[in-house]
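Text of coords.txt (compact mmCIF, C-alpha atoms) as supplied:
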```txt
# COMPACT_ATOMS: atom_id res chain seq x y z
CA MET A 1 166.78 -98.47 76.18
CA THR A 2 163.36 -99.65 75.29
CA GLU A 3 162.46 -99.33 71.69
CA LYS A 4 158.85 -98.76 71.03
CA GLN A 5 157.69 -101.24 68.47
CA ASP A 6 155.90 -100.02 65.43
CA PRO A 7 152.48 -101.60 65.72
CA ASN A 8 151.65 -100.66 62.15
CA GLY A 9 154.61 -102.34 60.61
CA MET A 10 153.52 -105.89 61.26
CA SER A 11 150.34 -107.69 62.09
CA ARG A 12 150.25 -109.40 65.45
CA ARG A 13 150.55 -112.76 63.73
CA GLN A 14 153.63 -111.61 61.88
CA LEU A 15 155.08 -110.29 65.09
CA LEU A 16 154.63 -113.65 66.73
CA ARG A 17 156.05 -115.45 63.74
CA HIS A 18 159.14 -113.33 63.70
CA SER A 19 159.38 -113.16 67.46
CA ALA A 20 160.39 -109.57 67.04
CA TRP A 21 158.70 -108.37 70.18
CA PHE A 22 159.70 -111.30 72.33
CA GLY A 23 163.14 -111.09 70.83
CA THR A 24 163.66 -107.68 72.37
CA ALA A 25 162.80 -109.00 75.80
CA VAL A 26 164.95 -112.03 75.33
CA ALA A 27 168.02 -110.06 74.37
CA LEU A 28 167.70 -107.90 77.45
CA THR A 29 167.00 -110.89 79.61
CA VAL A 30 170.07 -112.62 78.34
CA ALA A 31 172.08 -109.55 79.19
CA GLY A 32 170.53 -109.72 82.64
CA GLY A 33 172.30 -112.84 83.75
CA GLU A 34 171.51 -116.43 83.04
CA VAL A 35 173.11 -116.91 79.69
CA LEU A 36 176.06 -114.69 80.48
CA SER A 37 176.78 -116.67 83.61
CA SER A 38 176.39 -119.93 81.71
CA VAL A 39 178.87 -118.78 79.13
CA ALA A 40 181.35 -117.84 81.81
CA GLY A 41 180.99 -121.22 83.43
CA CYS A 42 181.41 -122.91 80.09
CA ALA A 43 184.72 -121.31 79.32
CA SER A 44 186.40 -122.56 82.44
CA GLN A 45 184.67 -125.41 84.18
CA PRO A 46 181.55 -126.55 82.40
CA GLN A 47 180.33 -128.78 85.23
CA SER A 48 180.89 -126.42 88.12
CA GLN A 49 178.07 -123.95 87.69
CA PRO A 50 177.21 -122.81 91.18
CA GLN A 51 173.93 -123.83 92.67
CA PRO A 52 171.59 -120.85 92.77
CA THR A 53 171.15 -119.37 96.20
CA LEU A 54 167.51 -118.65 95.48
CA ARG A 55 165.16 -119.96 92.84
CA PHE A 56 161.55 -118.96 92.47
CA ALA A 57 158.85 -119.01 89.81
CA GLN A 58 156.51 -116.24 88.69
CA ILE A 59 153.02 -116.85 87.37
CA SER A 60 150.58 -114.09 86.56
CA ASP A 61 147.21 -112.99 85.30
CA SER A 62 145.32 -116.27 85.59
CA HIS A 63 141.98 -114.41 85.33
CA ILE A 64 139.98 -117.27 86.82
CA GLY A 65 136.39 -116.63 85.79
CA PHE A 66 137.15 -115.30 82.29
CA THR A 67 134.79 -116.82 79.72
CA GLY A 68 135.58 -114.98 76.47
CA THR A 69 136.72 -116.35 73.14
CA ALA A 70 140.40 -115.60 73.78
CA ASN A 71 140.69 -118.68 76.01
CA ALA A 72 138.07 -121.41 76.17
CA SER A 73 139.28 -122.52 79.60
CA VAL A 74 141.47 -120.34 81.77
CA THR A 75 141.28 -123.02 84.47
CA ASP A 76 142.84 -125.54 82.09
CA THR A 77 145.71 -123.25 81.12
CA PHE A 78 146.29 -122.21 84.75
CA THR A 79 146.40 -125.89 85.72
CA GLU A 80 148.93 -126.48 82.95
CA ALA A 81 151.04 -123.57 84.24
CA ILE A 82 150.96 -125.02 87.75
CA ASN A 83 151.98 -128.41 86.41
CA GLN A 84 154.81 -126.79 84.48
CA VAL A 85 156.11 -125.13 87.65
CA ASN A 86 155.83 -128.50 89.39
CA GLY A 87 157.84 -130.06 86.57
CA LEU A 88 160.81 -127.68 86.68
CA GLY A 89 163.07 -130.40 88.05
CA TYR A 90 163.64 -128.64 91.37
CA THR A 91 161.41 -127.22 94.05
CA PRO A 92 161.23 -123.44 93.71
CA ASP A 93 161.83 -121.70 97.02
CA PHE A 94 158.58 -119.87 96.46
CA VAL A 95 156.10 -119.01 93.74
CA ILE A 96 154.81 -115.47 93.21
CA HIS A 97 151.51 -114.76 91.47
CA THR A 98 151.67 -111.15 90.31
CA GLY A 99 147.97 -110.48 90.25
CA ASP A 100 144.70 -110.71 88.41
CA LEU A 101 144.27 -114.05 90.07
CA THR A 102 140.57 -113.67 89.34
CA HIS A 103 138.61 -111.98 86.60
CA LEU A 104 135.81 -110.45 88.65
CA ALA A 105 136.90 -110.79 92.28
CA THR A 106 133.94 -112.96 93.30
CA ALA A 107 134.18 -115.18 96.37
CA ASP A 108 133.90 -118.28 94.17
CA GLN A 109 136.72 -117.14 91.92
CA PHE A 110 139.00 -116.40 94.88
CA ASP A 111 138.16 -119.78 96.40
CA GLN A 112 138.87 -121.52 93.14
CA VAL A 113 142.21 -119.88 92.38
CA LYS A 114 143.36 -120.37 95.96
CA GLN A 115 142.47 -124.06 95.84
CA MET A 116 144.23 -124.48 92.53
CA MET A 117 147.41 -122.87 93.83
CA THR A 118 147.57 -125.24 96.79
CA SER A 119 148.78 -127.87 94.32
CA LEU A 120 151.94 -125.85 93.60
CA LYS A 121 154.88 -127.85 94.94
CA THR A 122 156.71 -125.14 96.79
CA PRO A 123 157.09 -124.20 100.43
CA HIS A 124 155.45 -120.84 99.94
CA ILE A 125 153.16 -118.95 97.57
CA PHE A 126 153.03 -115.17 97.52
CA THR A 127 150.56 -112.92 95.73
CA VAL A 128 149.88 -109.29 94.93
CA PRO A 129 146.45 -108.16 93.73
CA GLY A 130 145.63 -107.06 90.22
CA GLU A 131 143.01 -104.45 89.40
CA HIS A 132 140.55 -107.24 88.61
CA ASP A 133 141.10 -108.61 92.13
CA THR A 134 140.58 -105.18 93.64
CA ILE A 135 137.11 -104.85 92.10
CA ASP A 136 136.32 -106.32 95.53
CA PHE A 137 139.45 -105.68 97.55
CA PRO A 138 138.03 -106.91 100.89
CA LYS A 139 137.49 -110.31 99.28
CA TYR A 140 141.09 -110.37 98.06
CA GLN A 141 142.29 -109.44 101.52
CA GLN A 142 140.14 -112.14 103.04
CA ALA A 143 141.65 -114.74 100.74
CA PHE A 144 145.28 -113.58 100.52
CA GLY A 145 145.82 -110.63 102.83
CA ALA A 146 146.78 -112.44 106.03
CA ASP A 147 149.89 -111.02 107.70
CA THR A 148 150.33 -108.29 105.11
CA ARG A 149 150.87 -104.65 106.00
CA GLY A 150 148.61 -101.72 105.22
CA ASP A 151 146.46 -102.50 102.21
CA GLY A 152 148.10 -105.81 101.35
CA TRP A 153 151.76 -104.92 100.88
CA TYR A 154 154.67 -106.68 102.62
CA SER A 155 158.34 -107.53 102.43
CA PHE A 156 160.57 -110.39 103.46
CA ASP A 157 164.18 -111.49 103.36
CA THR A 158 165.25 -114.78 101.90
CA ALA A 159 168.68 -116.11 100.98
CA GLY A 160 170.18 -112.65 101.32
CA VAL A 161 167.66 -111.12 98.93
CA HIS A 162 165.17 -108.51 100.09
CA VAL A 163 161.76 -108.94 98.47
CA ILE A 164 159.11 -106.21 98.47
CA ALA A 165 155.55 -106.91 97.30
CA LEU A 166 153.60 -103.78 96.42
CA VAL A 167 149.93 -103.09 95.72
CA ASN A 168 149.40 -100.57 92.92
CA THR A 169 145.81 -101.32 91.93
CA LEU A 170 143.93 -99.25 94.50
CA ASN A 171 142.67 -95.67 94.16
CA LEU A 172 143.49 -95.53 90.47
CA LYS A 173 143.09 -92.25 88.64
CA LYS A 174 144.65 -93.19 85.36
CA LEU A 175 147.77 -95.20 86.10
CA GLY A 176 148.76 -97.62 88.80
CA HIS A 177 149.11 -95.98 92.19
CA LEU A 178 151.02 -96.76 95.38
CA GLY A 179 149.90 -93.95 97.67
CA PRO A 180 151.69 -92.15 100.51
CA ASP A 181 151.29 -94.89 103.13
CA GLN A 182 152.91 -97.48 100.91
CA LEU A 183 155.67 -95.11 99.81
CA ASP A 184 156.39 -94.48 103.47
CA PHE A 185 156.51 -98.23 104.01
CA VAL A 186 159.08 -98.67 101.22
CA GLN A 187 161.27 -95.89 102.56
CA LYS A 188 161.35 -97.33 106.07
CA ASP A 189 161.53 -100.92 104.84
CA VAL A 190 164.87 -100.48 103.08
CA ALA A 191 166.37 -97.86 105.39
CA THR A 192 168.63 -100.23 107.30
CA LEU A 193 169.61 -102.50 104.42
CA SER A 194 173.12 -102.58 103.05
CA SER A 195 173.33 -101.13 99.53
CA ASP A 196 174.66 -104.39 98.13
CA THR A 197 171.51 -106.27 99.17
CA PRO A 198 169.78 -107.48 96.01
CA ILE A 199 166.24 -106.09 95.89
CA VAL A 200 163.31 -107.76 94.17
CA VAL A 201 160.04 -105.84 93.82
CA PHE A 202 156.73 -107.43 92.85
CA SER A 203 153.77 -105.42 91.62
CA HIS A 204 150.88 -106.07 89.29
CA ILE A 205 150.97 -102.94 87.16
CA PRO A 206 154.40 -102.04 85.75
CA LEU A 207 156.45 -99.62 87.83
CA PHE A 208 157.82 -98.19 84.58
CA ALA A 209 155.94 -96.32 81.88
CA MET A 210 155.27 -99.17 79.48
CA TYR A 211 152.25 -97.53 77.83
CA PRO A 212 150.54 -94.86 79.94
CA ASP A 213 147.68 -94.36 77.47
CA TRP A 214 146.43 -97.78 78.48
CA GLY A 215 147.24 -97.29 82.14
CA TRP A 216 150.42 -99.37 81.87
CA GLY A 217 152.48 -97.42 84.36
CA THR A 218 152.39 -96.25 87.98
CA ASP A 219 151.99 -92.55 88.70
CA ASP A 220 154.08 -92.42 91.89
CA ALA A 221 156.58 -95.19 91.12
CA ALA A 222 159.44 -92.72 90.75
CA GLN A 223 159.30 -91.94 94.44
CA ALA A 224 159.43 -95.62 95.41
CA LEU A 225 162.30 -96.24 93.01
CA GLY A 226 164.06 -93.22 94.43
CA TYR A 227 164.28 -95.02 97.77
CA LEU A 228 165.93 -97.92 95.94
CA LYS A 229 168.43 -95.83 94.02
CA ARG A 230 171.41 -96.61 96.24
CA PHE A 231 171.06 -100.37 95.79
CA SER A 232 173.32 -102.00 93.26
CA SER A 233 170.73 -104.52 92.04
CA VAL A 234 166.99 -103.89 91.82
CA THR A 235 164.75 -106.25 89.86
CA CYS A 236 161.08 -105.32 89.37
CA LEU A 237 158.72 -108.07 88.23
CA ASN A 238 155.16 -107.27 87.17
CA GLY A 239 152.17 -108.73 85.36
CA HIS A 240 149.16 -106.84 83.98
CA VAL A 241 150.31 -106.43 80.38
CA HIS A 242 150.07 -110.14 79.44
CA GLN A 243 153.30 -110.09 77.45
CA LEU A 244 157.02 -110.25 77.97
CA PHE A 245 158.89 -107.01 78.02
CA SER A 246 162.09 -105.87 79.70
CA LYS A 247 163.68 -102.52 80.29
CA THR A 248 166.62 -101.20 82.26
CA GLU A 249 166.77 -97.76 83.87
CA GLY A 250 169.99 -97.17 85.78
CA ASN A 251 170.27 -99.71 88.56
CA VAL A 252 166.76 -101.06 88.01
CA THR A 253 165.65 -103.76 85.60
CA PHE A 254 161.94 -104.16 84.90
CA HIS A 255 160.49 -107.38 83.57
CA SER A 256 156.84 -107.64 82.56
CA GLY A 257 155.70 -111.23 82.68
CA THR A 258 153.23 -113.00 80.49
CA THR A 259 149.89 -114.50 81.50
CA THR A 260 148.40 -117.94 81.89
CA ALA A 261 145.06 -116.77 80.45
CA TYR A 262 145.04 -114.77 77.19
CA PRO A 263 147.23 -112.27 75.35
CA LEU A 264 146.66 -108.53 75.16
CA PRO A 265 147.69 -106.37 72.21
CA HIS A 266 151.13 -104.86 72.02
CA PRO A 267 151.16 -101.25 73.21
CA GLY A 268 149.08 -99.03 70.95
CA ASP A 269 148.08 -101.89 68.66
CA GLY A 270 144.34 -101.18 68.36
CA PRO A 271 141.98 -98.97 70.32
CA ALA A 272 142.14 -100.67 73.71
CA PRO A 273 143.88 -103.45 75.68
CA LYS A 274 141.22 -106.00 74.79
CA PRO A 275 141.79 -109.77 74.99
CA VAL A 276 143.30 -111.05 71.74
CA THR A 277 141.87 -114.23 70.26
CA LEU A 278 144.70 -116.00 68.48
CA PRO A 279 144.36 -118.51 65.65
CA ALA A 280 143.74 -122.08 66.78
CA GLY A 281 146.82 -123.72 68.25
CA LYS A 282 148.67 -120.46 68.90
CA LEU A 283 147.42 -119.61 72.40
CA HIS A 284 150.00 -121.59 74.37
CA ASP A 285 152.88 -119.76 72.70
CA ALA A 286 151.60 -116.51 74.21
CA LEU A 287 151.16 -117.92 77.72
CA GLY A 288 153.84 -119.04 80.10
CA ILE A 289 155.71 -119.12 83.37
CA ARG A 290 158.96 -117.49 84.47
CA GLU A 291 161.86 -118.88 86.46
CA VAL A 292 164.08 -116.52 88.43
CA SER A 293 167.34 -117.48 90.07
CA TYR A 294 169.95 -115.69 92.08
CA ILE A 295 173.50 -116.82 92.68
CA LYS A 296 175.15 -115.24 95.69
CA GLY A 297 177.87 -112.86 94.64
CA GLN A 298 176.34 -112.05 91.29
CA GLN A 299 174.54 -108.78 90.87
CA ALA A 300 171.81 -109.57 88.43
CA LEU A 301 169.08 -112.10 88.87
CA ALA A 302 168.70 -114.54 85.99
CA LEU A 303 165.36 -115.00 84.28
CA LYS A 304 164.14 -117.83 82.07
CA GLU A 305 160.86 -117.52 80.25
CA GLN A 306 158.99 -120.68 79.38
CA ALA A 307 156.03 -120.70 77.05
CA LEU A 308 153.17 -122.90 78.17
CA GLN A 309 153.72 -126.37 76.80
CA MET B 1 157.77 -121.41 72.70
CA THR B 2 160.29 -119.61 70.61
CA ALA B 3 161.24 -117.29 73.43
CA ALA B 4 161.77 -120.15 75.86
CA ALA B 5 163.93 -122.01 73.42
CA LEU B 6 166.07 -118.96 72.68
CA LEU B 7 166.73 -118.35 76.31
CA LEU B 8 167.98 -121.81 76.97
CA VAL B 9 170.20 -122.14 73.96
CA VAL B 10 173.68 -120.60 73.69
CA GLY B 11 176.43 -123.11 73.87
CA CYS B 12 176.63 -124.78 77.16
CA SER B 13 173.66 -127.03 77.15
CA SER B 14 175.78 -129.60 78.95
CA SER B 15 176.18 -127.42 81.97
CA SER B 16 172.54 -127.16 82.78
CA THR B 17 171.71 -126.69 86.39
CA PRO B 18 171.33 -130.07 88.03
CA ALA B 19 167.92 -130.92 89.40
CA ALA B 20 168.20 -130.57 93.11
CA GLY B 21 166.23 -129.76 96.17
CA PRO B 22 165.50 -126.22 97.21
CA ALA B 23 168.13 -124.05 98.73
CA SER B 24 167.90 -123.90 102.46
CA ILE B 25 165.39 -121.14 102.81
CA THR B 26 162.73 -121.13 105.41
CA PHE B 27 159.74 -118.98 105.94
CA SER B 28 158.39 -118.74 109.41
CA SER B 29 155.00 -120.32 109.75
CA ASP B 30 153.68 -117.29 111.58
CA GLY B 31 153.70 -113.75 110.38
CA THR B 32 154.55 -114.50 106.77
CA PRO B 33 152.08 -113.40 104.12
CA GLY B 34 150.89 -115.73 101.42
CA MET B 35 150.04 -119.38 101.61
CA VAL B 36 151.76 -122.70 101.90
CA GLY B 37 152.11 -124.79 98.77
CA ALA B 38 151.81 -128.53 98.37
CA THR B 39 154.43 -130.18 100.54
CA THR B 40 154.19 -133.77 99.40
CA SER B 41 155.35 -134.77 95.96
CA GLY B 42 152.48 -137.18 95.49
CA SER B 43 149.67 -134.72 95.88
CA MET B 44 147.37 -134.34 92.95
CA PRO B 45 145.41 -131.25 92.08
CA MET B 46 141.86 -131.48 93.31
CA PRO B 47 139.14 -131.16 90.72
CA MET B 48 137.87 -127.67 90.78
CA PRO B 49 134.29 -126.58 90.92
CA GLY B 50 133.07 -124.88 87.80
CA SER B 51 133.74 -121.21 87.71
CA SER B 52 130.82 -119.08 88.53
CA VAL B 53 129.90 -116.48 86.02
CA ALA B 54 128.34 -113.21 86.98
CA PRO B 55 124.80 -113.05 85.69
CA ALA B 56 124.61 -111.29 82.38
CA ALA B 57 121.61 -109.43 81.12
CA SER B 58 120.71 -110.54 77.65
CA ASP B 59 118.93 -107.39 76.63
CA ALA B 60 120.64 -104.09 76.20
CA PRO B 61 118.70 -101.26 77.72
CA ASN B 62 116.65 -99.10 75.45
CA GLY B 63 115.83 -95.46 75.77
CA SER B 64 117.74 -92.29 76.29
CA ASN B 65 119.09 -93.17 79.73
CA ALA B 66 121.27 -95.98 78.45
CA VAL B 67 125.05 -95.87 78.37
CA ASN B 68 126.87 -98.54 76.44
CA ILE B 69 130.43 -99.56 77.27
CA SER B 70 132.28 -100.58 74.17
CA ASN B 71 135.94 -100.53 73.16
CA PHE B 72 136.85 -99.25 76.63
CA ALA B 73 134.68 -96.15 76.30
CA PHE B 74 131.35 -94.91 77.64
CA ALA B 75 128.82 -93.98 74.94
CA PRO B 76 127.55 -91.39 75.27
CA ALA B 77 130.46 -90.08 77.31
CA SER B 78 128.19 -87.34 78.66
CA LEU B 79 124.51 -87.88 79.39
CA THR B 80 122.02 -85.24 80.55
CA ILE B 81 118.90 -86.40 82.41
CA PRO B 82 116.24 -84.92 84.70
CA ALA B 83 116.46 -85.64 88.43
CA GLY B 84 114.81 -88.90 89.39
CA SER B 85 115.95 -90.69 86.24
CA THR B 86 117.64 -94.06 86.22
CA VAL B 87 120.71 -94.61 84.08
CA THR B 88 121.58 -98.14 82.96
CA TRP B 89 125.08 -99.04 81.81
CA THR B 90 125.63 -102.14 79.66
CA ASN B 91 129.05 -103.69 79.12
CA LYS B 92 129.47 -104.76 75.51
CA ASP B 93 133.20 -105.49 75.83
CA GLU B 94 134.75 -108.88 76.43
CA GLU B 95 136.64 -107.24 79.28
CA PRO B 96 134.85 -106.45 82.56
CA HIS B 97 134.21 -102.85 83.55
CA THR B 98 132.84 -100.95 86.51
CA VAL B 99 131.09 -97.62 86.95
CA VAL B 100 132.38 -95.64 89.93
CA SER B 101 131.54 -92.03 90.77
CA GLY B 102 134.40 -89.60 91.17
CA ASP B 103 133.89 -89.43 94.94
CA GLY B 104 133.92 -93.24 95.06
CA THR B 105 130.75 -93.41 97.12
CA THR B 106 127.75 -91.90 95.28
CA PHE B 107 127.62 -94.98 93.06
CA HIS B 108 129.95 -97.94 92.73
CA SER B 109 128.95 -100.86 90.57
CA PRO B 110 130.29 -104.37 90.99
CA GLY B 111 132.37 -105.77 88.14
CA MET B 112 130.19 -106.12 85.06
CA ASP B 113 131.15 -109.02 82.84
CA THR B 114 130.29 -109.14 79.15
CA GLY B 115 126.61 -108.27 78.78
CA GLY B 116 126.35 -107.23 82.42
CA THR B 117 124.35 -104.16 83.40
CA TYR B 118 124.27 -101.72 86.30
CA SER B 119 121.59 -99.13 87.06
CA PHE B 120 121.61 -96.11 89.32
CA THR B 121 118.84 -93.57 90.01
CA PHE B 122 119.99 -89.96 90.25
CA GLN B 123 117.74 -88.16 92.74
CA ASN B 124 119.75 -84.95 93.03
CA ALA B 125 120.72 -82.40 90.43
CA GLY B 126 124.38 -81.94 89.68
CA THR B 127 127.27 -83.08 87.52
CA PHE B 128 128.53 -86.55 88.27
CA GLU B 129 131.82 -87.66 86.77
CA TYR B 130 132.66 -91.32 86.86
CA ILE B 131 135.31 -93.79 85.75
CA CYS B 132 135.80 -97.51 85.31
CA SER B 133 137.86 -98.43 88.36
CA ILE B 134 139.54 -101.27 86.43
CA HIS B 135 140.47 -99.01 83.52
CA PRO B 136 140.56 -95.53 85.03
CA MET B 137 141.45 -93.93 81.71
CA MET B 138 137.75 -94.43 80.90
CA HIS B 139 135.79 -91.32 81.86
CA GLY B 140 132.09 -90.46 81.70
CA THR B 141 129.76 -87.77 83.00
CA VAL B 142 126.10 -87.69 83.98
CA VAL B 143 124.54 -84.22 84.19
CA VAL B 144 121.35 -84.24 86.26
CA THR B 145 119.01 -81.29 85.80
CA LYS B 146 116.19 -80.23 88.14
```
Here is a file; write its structure as structure tokens.
Amino acid sequence: MTEKQDPNGMSRRQLLRHSAWFGTAVALTVAGGEVLSSVAGCASQPQSQPQPTLRFAQISDSHIGFTGTANASVTDTFTEAINQVNGLGYTPDFVIHTGDLTHLATADQFDQVKQMMTSLKTPHIFTVPGEHDTIDFPKYQQAFGADTRGDGWYSFDTAGVHVIALVNTLNLKKLGHLGPDQLDFVQKDVATLSSDTPIVVFSHIPLFAMYPDWGWGTDDAAQALGYLKRFSSVTCLNGHVHQLFSKTEGNVTFHSGTTTAYPLPHPGDGPAPKPVTLPAGKLHDALGIREVSYIKGQQALALKEQALQ
Amino acid sequence: MTAAALLLVVGCSSSSTPAAGPASITFSSDGTPGMVGATTSGSMPMPMPGSSVAPAASDAPNGSNAVNISNFAFAPASLTIPAGSTVTWTNKDEEPHTVVSGDGTTFHSPGMDTGGTYSFTFQNAGTFEYICSIHPMMHGTVVVTK
């Protein structure tokens, strides 16, 4: 399903100009729901689009504390992302931050990002840690780990959707890693659910093999996804890769989200996943927020990507 | 910008979802992970304190016991030293790195930002493999001779 882009064919700037890479994600996203459902509504009763049962926003990879050339102020862009969520025109039922809240997991950085997120206008904010946050995992847990299970994972039910938040940034060998305790949690967590329950899974590192050479995958994800095989709709949302990308494998759709801080290279483009400094004025196009909505009775969740304005 | 625009186009712009309050979803105040967001529409973001930056050493270490971290790699990837020597790692990448021994406990640096350094003194002979815990595809080895 996923086509690996040829990093040698175009420069990054050309890629952005042509939107080739984003275009791939967009096409898949469109197939995933929102536009299809809009078209259906259009054909019959344009004004009667059903109210989503659940609407939430995803933000990711704020990297508070980053001071490199790729973004002169990650606090400014994170503030802009928060304001953009607050300006959606509705109150999201919750906001998920899919990790790398901080750059270096210091107490000050955790305090700062937590304070900033309190201005999100939503009843609830969820998080999962990124590998930058787990440089000092006890500090992450102190800031965000209340009421979680095991090493920071948890699940909840809302509006008929079952949401699972996983931690795959601990005990890394090469790729992301869930570990036996967490796998056991997933198995038991979904055991009593009806197979038509929509499942949403949050993690920082992708649960699919996006680019293993750079650690963009999770070594024991297949086992977790195996427990979710019988469900008709599984949507996995991750951060980590700082760029939009979507992929479908059977009943599961994976959506990598972008960042509020700085872009990373496309897979294999260059020697390492180093922050990319874009030409002046281009940074906001690479950053953004994501809206996710679910309409009861429809299988797929609908995603809308918004570049930072 | 382009991606966002593309997603929202396609025909029915007139049937956009009306702005409305949240669906009736509640999270219990107890036993739910995460944090509560702003509840009043008039709240303004508080000014944030300046971010604190991990102290960065300005001078790269000299001498044969230095390991530089550049382009997500340790250089040299393998270093041989006599027991009692101190190895100093210097991060020359814009991305933070750590130095963590294979057993996770012999040595475990904090996150080193750009220009940051970490030193460890190897008292015992042996072969010590290590990784960057943030980017575990990065591998290095220190061989300590008697």
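Within 6 Å of chain B, counting only C-alpha atoms, chain A contributes Cys42, Pro46, Gln47, Gly65, Gly89, Tyr90, Thr91, Asp93, Leu104, Thr118, Ser119, Leu120, Lys121, Thr122, Pro123, His124, Ile125, Phe126, Glu131, Ala146, Asp147, Thr148, Lys173, Lys174, Asp285, Glu305, Gln306 and Ala307 of chain A.
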Task: Polymer residues at most 10 Å from stretch 86-92 of chain B, all atoms listed in the file, same-chain spacing of 4 or more positions, as a ChimeraX atom specification - done: /B:56-75,79,81-82,96-99,109,111-123,142
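Here atom CA of A:Ile199 and atom CA of A:Ile96 stand 15.0 Å from one another.
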Task: Straight-line distance linking atom CA of A:Gly257 with atom CA of A:Arg149, stated in Å to one decimal - done: 24.7 Å
Need the axis-aligned box for stretch 256-271 of chain A with 4 Å each side, so what are the centre and edges in Å to one decimal, as JSON?
```
{"center_x": 149.4, "center_y": -108.5, "center_z": 75.5, "size_x": 22.9, "size_y": 27.0, "size_z": 22.3}
```
- [ ] Mind checking which residues fall within 10 Å of A:Asp76, counting all atoms listed in the file, ignoring those fewer than 5 positions away in the same chain, and posting them as a ChimeraX atom specification?
- [x] /A:64,71,81-82,260-261
TODO: Please indicate the distance in Å from atom CA of A:His132 to atom CA of A:Val234, rounded to one decimal place.
DONE: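 Going from atom CA of A:His132 over to atom CA of A:Val234 covers 26.8 Å.
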Open item on the list: I need every residue sitting at most 12 Å from the point (162.2, -98.9, 92.6) (coordinates as in the file, all atoms listed in the file considered), written as a PyMOL selection string.
Closed with: chain A and resi 163-166+178+183+186-187+190+198-203+206-208+218+220-237+248-254
